[in-house]
file entry_20.cif (mmCIF, C-alpha atoms)
data_work
#
loop_
_atom_site.label_atom_id
_atom_site.label_comp_id
_atom_site.auth_asym_id
_atom_site.auth_seq_id
_atom_site.Cartn_x
_atom_site.Cartn_y
_atom_site.Cartn_z
CA MET T 14 36.30 -32.74 139.74
CA GLN T 15 33.98 -34.86 141.88
CA GLY T 16 36.25 -34.25 144.87
CA ILE T 17 36.30 -30.48 144.42
CA LEU T 18 32.56 -30.14 143.64
CA PRO T 19 31.39 -29.97 147.29
CA TYR T 20 33.85 -27.14 147.88
CA LEU T 21 32.60 -25.24 144.82
CA ILE T 22 29.01 -25.56 146.07
CA SER T 23 30.08 -24.52 149.57
CA GLY T 24 32.07 -21.60 148.14
CA ILE T 25 29.03 -20.23 146.33
CA SER T 26 27.00 -20.54 149.54
CA VAL T 27 29.65 -18.86 151.72
CA GLY T 28 30.07 -16.14 149.08
CA GLY T 29 26.35 -15.40 149.24
CA GLN T 30 26.52 -15.06 153.02
CA TYR T 31 29.51 -12.71 152.75
CA ALA T 32 27.62 -10.73 150.11
CA LEU T 33 24.68 -10.07 152.45
CA ILE T 34 27.09 -8.60 155.01
CA ALA T 35 29.20 -6.75 152.44
CA ILE T 36 26.19 -4.87 151.08
CA GLY T 37 25.75 -3.25 154.51
CA TYR T 38 29.33 -1.98 154.43
CA THR T 39 29.04 -0.66 150.89
CA LEU T 40 25.67 1.07 151.43
CA VAL T 41 26.88 2.99 154.48
CA TYR T 42 30.17 3.92 152.83
CA GLY T 43 28.38 5.04 149.67
CA ILE T 44 26.43 7.69 151.60
CA LEU T 45 28.47 8.57 154.70
CA ARG T 46 31.96 7.60 153.48
CA LEU T 47 32.13 5.67 156.76
CA ILE T 48 33.33 2.12 157.39
CA ASN T 49 30.82 0.80 159.92
CA PHE T 50 33.18 -1.37 162.00
CA ALA T 51 30.26 -2.45 164.19
CA HIS T 52 28.52 -4.20 161.28
CA GLY T 53 30.21 -7.55 161.95
CA ASP T 54 29.04 -7.36 165.56
CA VAL T 55 25.46 -6.69 164.42
CA PHE T 56 25.81 -9.92 162.43
CA MET T 57 27.00 -11.70 165.59
CA VAL T 58 24.10 -10.33 167.66
CA ALA T 59 21.66 -11.61 165.03
CA GLY T 60 23.19 -15.06 165.52
CA LEU T 61 22.76 -14.85 169.30
CA ILE T 62 19.16 -13.70 168.96
CA MET T 63 18.56 -16.66 166.64
CA VAL T 64 20.00 -19.04 169.26
CA TYR T 65 17.78 -17.73 172.06
CA THR T 66 14.55 -17.32 170.08
CA THR T 67 14.68 -20.65 168.21
CA ALA T 68 15.33 -22.47 171.49
CA SER T 69 12.15 -21.15 173.11
CA MET T 70 9.75 -20.15 170.33
CA PRO T 71 8.26 -21.59 167.15
CA MET T 72 10.16 -20.80 163.95
CA TYR T 73 7.38 -18.64 162.49
CA ILE T 74 7.81 -16.32 165.49
CA SER T 75 11.56 -16.56 166.10
CA ILE T 76 12.69 -15.78 162.54
CA PRO T 77 10.72 -12.48 162.28
CA LEU T 78 11.97 -11.57 165.77
CA VAL T 79 15.59 -12.03 164.67
CA LEU T 80 14.99 -9.68 161.75
CA ILE T 81 13.10 -7.10 163.83
CA PHE T 82 15.55 -6.97 166.75
CA THR T 83 18.57 -6.78 164.43
CA VAL T 84 16.99 -3.94 162.45
CA ILE T 85 16.22 -2.08 165.69
CA LEU T 86 19.85 -2.54 166.79
CA GLY T 87 21.17 -1.15 163.50
CA PHE T 88 18.76 1.80 163.68
CA ALA T 89 19.75 2.52 167.30
CA ILE T 90 23.47 2.42 166.46
CA GLU T 91 22.99 5.01 163.74
CA ARG T 92 20.88 7.31 165.92
CA VAL T 93 23.04 7.09 169.05
CA ALA T 94 26.59 6.71 167.74
CA TYR T 95 26.62 8.33 164.29
CA LYS T 96 23.86 10.94 163.99
CA PRO T 97 25.29 13.27 166.71
CA LEU T 98 28.62 13.21 164.83
CA ARG T 99 27.16 14.04 161.41
CA THR T 100 29.18 17.26 161.11
CA ALA T 101 32.22 16.00 163.03
CA PRO T 102 35.52 15.05 161.36
CA ARG T 103 35.47 11.63 159.72
CA MET T 104 38.01 10.34 162.21
CA SER T 105 35.51 10.93 165.02
CA LEU T 106 32.95 8.76 163.22
CA MET T 107 35.52 6.01 162.77
CA ILE T 108 36.45 6.08 166.46
CA SER T 109 32.76 5.99 167.37
CA ALA T 110 32.28 2.94 165.10
CA ILE T 111 35.16 1.11 166.78
CA GLY T 112 33.76 2.04 170.21
CA VAL T 113 30.31 0.67 169.29
CA SER T 114 31.94 -2.57 168.11
CA TYR T 115 33.68 -3.10 171.44
CA LEU T 116 30.57 -2.06 173.37
CA ILE T 117 28.45 -4.69 171.59
CA GLN T 118 31.09 -7.37 172.16
CA ASN T 119 31.34 -6.57 175.87
CA LEU T 120 27.57 -6.52 176.30
CA ALA T 121 27.40 -9.89 174.56
CA PHE T 122 30.18 -11.15 176.84
CA TYR T 123 28.21 -10.01 179.89
CA LEU T 124 24.97 -11.66 178.69
CA THR T 125 26.55 -14.95 177.62
CA GLY T 126 29.29 -15.18 180.23
CA GLY T 127 31.80 -15.35 177.40
CA LEU T 128 30.74 -18.90 176.55
CA PRO T 129 29.83 -19.93 172.97
CA GLN T 130 26.10 -20.44 172.75
CA PRO T 131 25.04 -23.74 171.15
CA VAL T 132 22.79 -23.62 168.12
CA LYS T 133 20.39 -26.23 169.47
CA THR T 134 17.65 -25.81 166.91
CA SER T 135 18.57 -25.37 163.27
CA ILE T 136 16.11 -23.76 160.89
CA PRO T 137 13.97 -26.57 159.42
CA TRP T 138 14.15 -27.55 155.78
CA ILE T 139 17.30 -25.54 154.92
CA SER T 140 19.23 -27.65 157.45
CA ASP T 141 18.32 -30.90 155.72
CA THR T 142 21.00 -32.82 153.84
CA ILE T 143 20.50 -33.24 150.09
CA THR T 144 22.47 -34.68 147.17
CA LEU T 145 23.46 -32.23 144.43
CA PHE T 146 25.33 -33.48 141.33
CA GLY T 147 26.42 -36.49 143.34
CA ALA T 148 27.74 -34.38 146.24
CA SER T 149 26.15 -34.43 149.69
CA THR T 150 25.44 -30.99 151.15
CA LYS T 151 22.90 -29.07 153.23
CA ARG T 152 20.01 -27.40 151.46
CA VAL T 153 21.20 -24.04 152.83
CA THR T 154 24.09 -24.11 150.33
CA VAL T 155 21.54 -24.04 147.51
CA VAL T 156 19.12 -21.63 149.17
CA THR T 157 21.79 -19.04 150.04
CA PRO T 158 22.90 -17.92 146.54
CA VAL T 159 19.32 -17.92 145.24
CA LEU T 160 18.08 -15.88 148.21
CA THR T 161 21.08 -13.54 148.00
CA ILE T 162 20.50 -12.78 144.32
CA ALA T 163 16.76 -12.27 144.94
CA LEU T 164 17.47 -9.83 147.78
CA VAL T 165 20.02 -7.95 145.67
CA PHE T 166 17.49 -7.53 142.84
CA ALA T 167 14.89 -6.34 145.38
CA LEU T 168 17.41 -3.86 146.81
CA VAL T 169 18.33 -2.54 143.36
CA ALA T 170 14.63 -2.12 142.55
CA LEU T 171 14.11 -0.24 145.83
CA ILE T 172 17.03 2.08 145.08
CA LYS T 173 15.93 2.78 141.51
CA LYS T 174 12.14 2.83 141.82
CA THR T 175 11.29 4.38 145.20
CA LYS T 176 11.52 7.85 146.69
CA ILE T 177 13.79 6.73 149.53
CA GLY T 178 15.99 5.02 146.94
CA MET T 179 16.23 8.24 144.97
CA GLY T 180 17.27 9.99 148.17
CA MET T 181 19.95 7.36 148.77
CA ARG T 182 21.34 7.84 145.26
CA ALA T 183 21.30 11.61 145.64
CA ALA T 184 23.08 11.47 149.01
CA ALA T 185 25.68 9.07 147.62
CA LYS T 186 26.32 11.39 144.67
CA ASP T 187 26.61 14.64 146.62
CA PHE T 188 25.68 14.67 150.31
CA GLU T 189 25.63 18.46 150.79
CA THR T 190 23.73 19.22 147.59
CA ALA T 191 21.13 16.56 148.41
CA GLN T 192 20.49 18.33 151.72
CA LEU T 193 20.06 21.67 149.95
CA MET T 194 17.61 20.08 147.51
CA GLY T 195 15.33 18.98 150.32
CA VAL T 196 16.34 15.33 150.69
CA LYS T 197 15.59 14.10 154.22
CA ILE T 198 19.12 12.99 154.95
CA ASN T 199 18.39 11.58 158.41
CA SER T 200 15.64 9.34 157.06
CA VAL T 201 17.82 8.22 154.16
CA ILE T 202 20.75 7.30 156.43
CA SER T 203 18.49 5.51 158.92
CA MET T 204 16.95 3.49 156.10
CA THR T 205 20.44 2.59 154.90
CA PHE T 206 21.32 1.14 158.32
CA VAL T 207 17.96 -0.63 158.51
CA ILE T 208 18.54 -2.33 155.14
CA GLY T 209 22.12 -3.24 156.01
CA SER T 210 21.07 -4.73 159.36
CA PHE T 211 18.21 -6.66 157.78
CA LEU T 212 20.56 -8.25 155.25
CA ALA T 213 23.09 -9.01 158.00
CA ALA T 214 20.34 -10.79 159.98
CA VAL T 215 19.40 -12.91 156.97
CA GLY T 216 23.08 -13.69 156.40
CA ALA T 217 23.51 -14.66 160.08
CA MET T 218 20.61 -17.11 160.02
CA LEU T 219 22.04 -18.77 156.92
CA TYR T 220 25.64 -18.69 158.14
CA PHE T 221 25.11 -20.09 161.64
CA THR T 222 22.98 -22.93 160.31
CA ASN T 223 26.31 -24.55 159.40
CA TYR T 224 27.93 -23.97 162.81
CA PRO T 225 27.30 -25.62 166.19
CA THR T 226 27.82 -22.46 168.30
CA VAL T 227 27.71 -18.66 168.22
CA ALA T 228 30.45 -16.85 170.16
CA ILE T 229 30.95 -13.14 170.84
CA THR T 230 33.81 -13.18 168.31
CA SER T 231 31.79 -14.99 165.63
CA GLY T 232 31.16 -11.78 163.73
CA GLY T 233 34.85 -10.85 163.52
CA MET T 234 36.16 -12.95 160.63
CA PRO T 235 32.95 -13.01 158.51
CA GLY T 236 32.62 -9.24 158.98
CA LEU T 237 36.25 -8.69 158.03
CA LYS T 238 35.97 -10.90 154.95
CA ALA T 239 32.77 -9.16 153.92
CA PHE T 240 34.56 -5.82 154.26
CA VAL T 241 37.40 -7.21 152.13
CA ALA T 242 34.80 -8.32 149.57
CA ALA T 243 33.30 -4.81 149.49
CA VAL T 244 36.73 -3.24 148.97
CA PHE T 245 37.72 -5.95 146.50
CA GLY T 246 34.65 -5.29 144.35
CA GLY T 247 34.82 -1.51 144.76
CA ILE T 248 33.46 -0.09 147.99
CA GLY T 249 30.28 1.86 147.34
CA SER T 250 29.24 -0.48 144.50
CA ILE T 251 26.52 -3.04 145.30
CA PRO T 252 27.31 -5.28 142.28
CA GLY T 253 31.00 -5.01 143.19
CA ALA T 254 30.35 -6.13 146.77
CA VAL T 255 28.30 -9.12 145.59
CA VAL T 256 30.81 -10.23 142.95
CA GLY T 257 33.72 -9.72 145.34
CA ALA T 258 31.98 -11.78 148.03
CA PHE T 259 31.26 -14.69 145.69
CA LEU T 260 34.85 -14.68 144.37
CA ILE T 261 36.30 -14.68 147.88
CA GLY T 262 33.92 -17.42 149.04
CA LEU T 263 34.82 -19.60 146.06
CA CYS T 264 38.57 -19.07 146.40
CA GLU T 265 38.45 -19.73 150.13
CA GLU T 266 36.60 -23.04 149.79
CA ILE T 267 38.67 -24.23 146.80
CA ILE T 268 41.87 -23.70 148.82
CA LYS T 269 40.33 -25.77 151.62
CA GLY T 270 39.45 -28.43 149.05
CA LEU T 271 43.10 -28.54 147.96
CA GLY T 272 44.09 -29.34 151.53
CA GLN T 273 45.49 -25.90 152.35
CA SER T 274 42.94 -24.76 154.96
CA THR T 275 45.68 -23.04 156.95
CA PHE T 276 46.21 -20.51 154.16
CA SER T 277 42.58 -19.85 153.19
CA ASP T 278 42.26 -16.70 155.31
CA ALA T 279 45.71 -15.44 154.33
CA PHE T 280 44.88 -15.92 150.65
CA THR T 281 41.81 -13.66 151.00
CA PHE T 282 43.87 -10.73 152.20
CA ALA T 283 46.75 -11.43 149.82
CA LEU T 284 44.27 -11.36 146.94
CA LEU T 285 42.96 -8.01 148.17
CA ILE T 286 46.47 -6.54 148.26
CA ILE T 287 47.18 -7.73 144.71
CA VAL T 288 43.91 -6.32 143.34
CA LEU T 289 44.38 -2.96 145.07
CA CYS T 290 47.93 -2.71 143.71
CA VAL T 291 46.59 -3.21 140.19
CA LYS T 292 43.26 -1.37 140.57
CA PRO T 293 43.12 0.73 143.77
CA THR T 294 39.40 1.45 143.44
CA GLY T 295 38.50 -2.26 143.26
CA LEU T 296 37.02 -4.23 140.40
CA PHE T 297 33.90 -2.08 139.93
CA GLY T 298 34.97 1.09 141.73
CA GLU T 299 35.07 4.40 139.94
CA LYS T 300 37.90 6.86 140.21
CA VAL T 301 36.80 9.79 142.35
CA THR T 302 38.08 13.26 141.56
CA ASP T 303 38.28 15.60 144.54
CA LYS T 304 36.76 19.02 144.06
CA VAL T 305 39.04 22.00 144.57
#

call {"tool": "encode", "arguments": {"input": "entry_20.cif", "output": "structure tokens"}}
result
Amino acid sequence: MQGILPYLISGISVGGQYALIAIGYTLVYGILRLINFAHGDVFMVAGLIMVYTTASMPMYISIPLVLIFTVILGFAIERVAYKPLRTAPRMSLMISAIGVSYLIQNLAFYLTGGLPQPVKTSIPWISDTITLFGASTKRVTVVTPVLTIALVFALVALIKKTKIGMGMRAAAKDFETAQLMGVKINSVISMTFVIGSFLAAVGAMLYFTNYPTVAITSGGMPGLKAFVAAVFGGIGSIPGAVVGAFLIGLCEEIIKGLGQSTFSDAFTFALLIIVLCVKPTGLFGEKVTDKV
């Protein structure tokens, strides 16, 4: 048990980071029925912004800048790539999402020269090494799940208690009817992308604290696993995305602890296939009946 404990702690931490990304997928899908394939690249851009700002500015300036610039990027993506296609076929939105993903990657390639950017300055305090239950780990592994759960509770409160949250719930329930009832759909959708991008930025700062570099492909696998977590838990369900992310993070790290690192990624997708064969809507997904 002592040998597997560090991997359990790491799994909870990684699961929290996946959860912050997965919520962005599930929020957008819940309202637009769109898989935002560019979300993983927004996560990567947040990591690059962190690299550049922390290397040249104090932390109390660089961290807010990471959040602000990432939120602006998410807002701009929605306004430029998705809003003009609001009434277009869903396939057009999907193609636009894929196009935005490749555009961001190529812009990042141009700005970085394709070279991984070193994370020279880690975020203080959370980068420190501590001992937990006899296992040595970074403080970020403890901070991540606590911060993730706190942000999830704050998000749930926003959705249930505020006017914009009511609009988000109405749009998720019936998009067309919400428009007819006077819900400002454009504002609701923009806020959804802003929240998703904010959470992705927080996840990026936590995630890249454990890595020496940020590359233009760094958002690919975490974004894909977060998407798997959202589908695994039931896409469109915030609790489902969070639970799915923690389960995937735990399973992934336990497999590494058993000495089977080669199969950790494969296991994630195999688990998804098994769950979808048994419960196609995911663990917390509800069966949707199409109107005739």

call {"tool": "resolve_selection", "arguments": {"input": "entry_20.cif", "expression": "the PyMOL selection byres ((chain T and resi 157) around 8)", "output": "ChimeraX atom specification"}}
result
/T:26,29-30,153-156,158-161,219

call {"tool": "residues_around", "arguments": {"input": "entry_20.cif", "residues": "Gly270 of chain T", "least_positions_apart": "2", "cutoff": "12 Å", "atoms": "all atoms listed in the file", "output": "PyMOL selection string"}}
result
chain T and resi 14-24+263-268+272-277

call {"tool": "residues_around", "arguments": {"input": "entry_20.cif", "residues": "Val241 of chain T", "least_positions_apart": "6", "cutoff": "9 Å", "atoms": "only C-alpha atoms", "output": "short mmCIF file (atom, residue, chain, number, x, y, z; two decimals) with C-alpha atoms, keeping the file's coordinate frame"}}
result
data_model
loop_
_atom_site.label_atom_id
_atom_site.label_comp_id
_atom_site.auth_asym_id
_atom_site.auth_seq_id
_atom_site.Cartn_x
_atom_site.Cartn_y
_atom_site.Cartn_z
CA ALA T 35 29.20 -6.75 152.44
CA ALA T 254 30.35 -6.13 146.77
CA GLY T 257 33.72 -9.72 145.34
CA ALA T 258 31.98 -11.78 148.03
CA ILE T 261 36.30 -14.68 147.88
CA THR T 281 41.81 -13.66 151.00
CA PHE T 282 43.87 -10.73 152.20
CA LEU T 285 42.96 -8.01 148.17
#

call {"tool": "closest_residue", "arguments": {"input": "entry_20.cif", "among": "T:Pro235, T:Gly37, T:Gly43, T:Pro131", "to": "Ala68 of chain T", "atoms": "only C-alpha atoms"}}
result
T:Pro131

call {"tool": "closest_residue", "arguments": {"input": "entry_20.cif", "among": "T:Ile172, T:Ala217, T:Val201, T:Ile136", "to": "His52 of chain T", "atoms": "only C-alpha atoms"}}
result
T:Ala217

call {"tool": "resolve_selection", "arguments": {"input": "entry_20.cif", "expression": "the PyMOL selection byres ((chain T and resi 69-79) around 10)", "output": "PyMOL selection string"}}
result
chain T and resi 58-68+80-84+134-137+211+214-215+217-218

call {"tool": "closest_atom_pairs", "arguments": {"input": "entry_20.cif", "of": "segment 177-277 of chain T", "to": "segment 95-112 of chain T", "cutoff": "10 Å", "atoms": "all atoms listed in the file", "output": "CSV"}}
result
residue,atom,partner,partner_atom,distance
T:Asn199,CA,T:Lys96,CA,7.8
T:Ile202,CA,T:Lys96,CA,8.9
T:Ser203,CA,T:Lys96,CA,9.2

call {"tool": "resolve_selection", "arguments": {"input": "entry_20.cif", "expression": "the PyMOL selection byres ((chain T and resi 127) around 12)", "output": "list of chain:residue names"}}
result
T:Gln118, T:Asn119, T:Leu120, T:Ala121, T:Phe122, T:Tyr123, T:Leu124, T:Thr125, T:Gly126, T:Leu128, T:Pro129, T:Gln130, T:Val227, T:Ala228, T:Ile229, T:Thr230, T:Ser231

call {"tool": "closest_residue", "arguments": {"input": "entry_20.cif", "among": "T:Ile85, T:Val291, T:Val41, T:Leu33", "to": "Met181 of chain T", "atoms": "only C-alpha atoms"}}
result
T:Val41

call {"tool": "closest_residue", "arguments": {"input": "entry_20.cif", "among": "T:Ala279, T:Val244, T:Ala185, T:Leu40", "to": "Ile208 of chain T", "atoms": "all atoms listed in the file"}}
result
T:Leu40

call {"tool": "closest_residue", "arguments": {"input": "entry_20.cif", "among": "T:Ile36, T:Ala183, T:Leu237, T:Val207", "to": "Leu164 of chain T", "atoms": "all atoms listed in the file"}}
result
T:Ile36

call {"tool": "closest_residue", "arguments": {"input": "entry_20.cif", "among": "T:Ala184, T:Ala213, T:Ala163, T:Leu260", "to": "Ser200 of chain T", "atoms": "all atoms listed in the file"}}
result
T:Ala184

call {"tool": "atom_distance", "arguments": {"input": "entry_20.cif", "atom1": "atom CA of Ser210 of chain T", "atom2": "atom CA of Val55 of chain T"}}
result
7.0 Å

call {"tool": "atom_distance", "arguments": {"input": "entry_20.cif", "atom1": "atom CA of Val255 of chain T", "atom2": "atom CA of Ala32 of chain T"}}
result
4.8 Å

call {"tool": "decode", "arguments": {"input": "entry_20.cif", "residues": "segment 134-168 of chain T", "atoms": "N, CA and C atoms", "output": "short mmCIF file (atom, residue, chain, number, x, y, z; two decimals), in the first residue's frame"}}
result
data_model
loop_
_atom_site.label_atom_id
_atom_site.label_comp_id
_atom_site.auth_asym_id
_atom_site.auth_seq_id
_atom_site.Cartn_x
_atom_site.Cartn_y
_atom_site.Cartn_z
N THR T 134 10.02 29.14 -14.22
CA THR T 134 9.61 29.59 -12.90
C THR T 134 8.30 28.92 -12.52
N SER T 135 8.36 28.00 -11.59
CA SER T 135 7.14 27.35 -11.10
C SER T 135 6.41 28.30 -10.15
N ILE T 136 5.13 28.06 -10.00
CA ILE T 136 4.34 28.88 -9.08
C ILE T 136 4.77 28.57 -7.65
N PRO T 137 5.16 29.60 -6.88
CA PRO T 137 5.65 29.35 -5.52
C PRO T 137 4.61 28.65 -4.66
N TRP T 138 5.08 28.07 -3.61
CA TRP T 138 4.30 27.38 -2.60
C TRP T 138 3.72 26.06 -3.10
N ILE T 139 2.91 26.08 -4.19
CA ILE T 139 2.31 24.83 -4.65
C ILE T 139 3.35 23.92 -5.30
N SER T 140 4.53 24.49 -5.64
CA SER T 140 5.59 23.68 -6.24
C SER T 140 6.48 23.02 -5.20
N ASP T 141 6.31 23.40 -3.94
CA ASP T 141 7.15 22.86 -2.88
C ASP T 141 6.85 21.38 -2.65
N THR T 142 7.87 20.65 -2.24
CA THR T 142 7.71 19.22 -1.93
C THR T 142 7.30 19.06 -0.48
N ILE T 143 6.29 18.21 -0.24
CA ILE T 143 5.81 17.94 1.11
C ILE T 143 5.73 16.43 1.31
N THR T 144 5.54 16.02 2.56
CA THR T 144 5.35 14.60 2.88
C THR T 144 3.91 14.40 3.34
N LEU T 145 3.20 13.49 2.67
CA LEU T 145 1.80 13.23 2.97
C LEU T 145 1.62 11.73 3.20
N PHE T 146 1.24 11.37 4.44
CA PHE T 146 1.07 9.95 4.81
C PHE T 146 2.33 9.14 4.50
N GLY T 147 3.46 9.77 4.70
CA GLY T 147 4.72 9.07 4.47
C GLY T 147 5.19 9.09 3.04
N ALA T 148 4.41 9.68 2.14
CA ALA T 148 4.78 9.73 0.72
C ALA T 148 5.21 11.15 0.35
N SER T 149 6.28 11.27 -0.40
CA SER T 149 6.79 12.57 -0.83
C SER T 149 6.08 13.00 -2.10
N THR T 150 5.56 14.23 -2.11
CA THR T 150 4.84 14.73 -3.28
C THR T 150 4.88 16.25 -3.29
N LYS T 151 4.50 16.87 -4.39
CA LYS T 151 4.40 18.32 -4.45
C LYS T 151 3.08 18.77 -3.84
N ARG T 152 3.09 19.98 -3.29
CA ARG T 152 1.89 20.50 -2.66
C ARG T 152 0.75 20.67 -3.66
N VAL T 153 1.07 20.80 -4.95
CA VAL T 153 0.03 20.96 -5.97
C VAL T 153 -0.90 19.76 -6.01
N THR T 154 -0.39 18.57 -5.65
CA THR T 154 -1.25 17.38 -5.67
C THR T 154 -2.33 17.44 -4.60
N VAL T 155 -2.07 18.21 -3.54
CA VAL T 155 -3.08 18.39 -2.49
C VAL T 155 -3.98 19.57 -2.83
N VAL T 156 -3.40 20.62 -3.37
CA VAL T 156 -4.15 21.83 -3.69
C VAL T 156 -5.17 21.57 -4.81
N THR T 157 -4.78 20.77 -5.81
CA THR T 157 -5.62 20.59 -6.99
C THR T 157 -7.01 20.06 -6.68
N PRO T 158 -7.17 18.91 -5.99
CA PRO T 158 -8.53 18.43 -5.74
C PRO T 158 -9.36 19.38 -4.89
N VAL T 159 -8.72 20.02 -3.91
CA VAL T 159 -9.45 20.96 -3.05
C VAL T 159 -9.94 22.15 -3.88
N LEU T 160 -9.05 22.71 -4.69
CA LEU T 160 -9.40 23.85 -5.53
C LEU T 160 -10.46 23.46 -6.56
N THR T 161 -10.32 22.26 -7.14
CA THR T 161 -11.29 21.79 -8.13
C THR T 161 -12.69 21.70 -7.53
N ILE T 162 -12.79 21.08 -6.36
CA ILE T 162 -14.10 20.92 -5.71
C ILE T 162 -14.68 22.29 -5.35
N ALA T 163 -13.82 23.20 -4.88
CA ALA T 163 -14.30 24.55 -4.53
C ALA T 163 -14.84 25.28 -5.77
N LEU T 164 -14.12 25.16 -6.89
CA LEU T 164 -14.57 25.81 -8.12
C LEU T 164 -15.85 25.18 -8.66
N VAL T 165 -15.99 23.87 -8.50
CA VAL T 165 -17.22 23.20 -8.94
C VAL T 165 -18.41 23.67 -8.13
N PHE T 166 -18.24 23.79 -6.80
CA PHE T 166 -19.33 24.29 -5.96
C PHE T 166 -19.68 25.73 -6.33
N ALA T 167 -18.66 26.54 -6.61
CA ALA T 167 -18.91 27.93 -7.02
C ALA T 167 -19.66 27.97 -8.34
N LEU T 168 -19.28 27.08 -9.27
CA LEU T 168 -19.96 27.04 -10.57
C LEU T 168 -21.41 26.60 -10.42
#
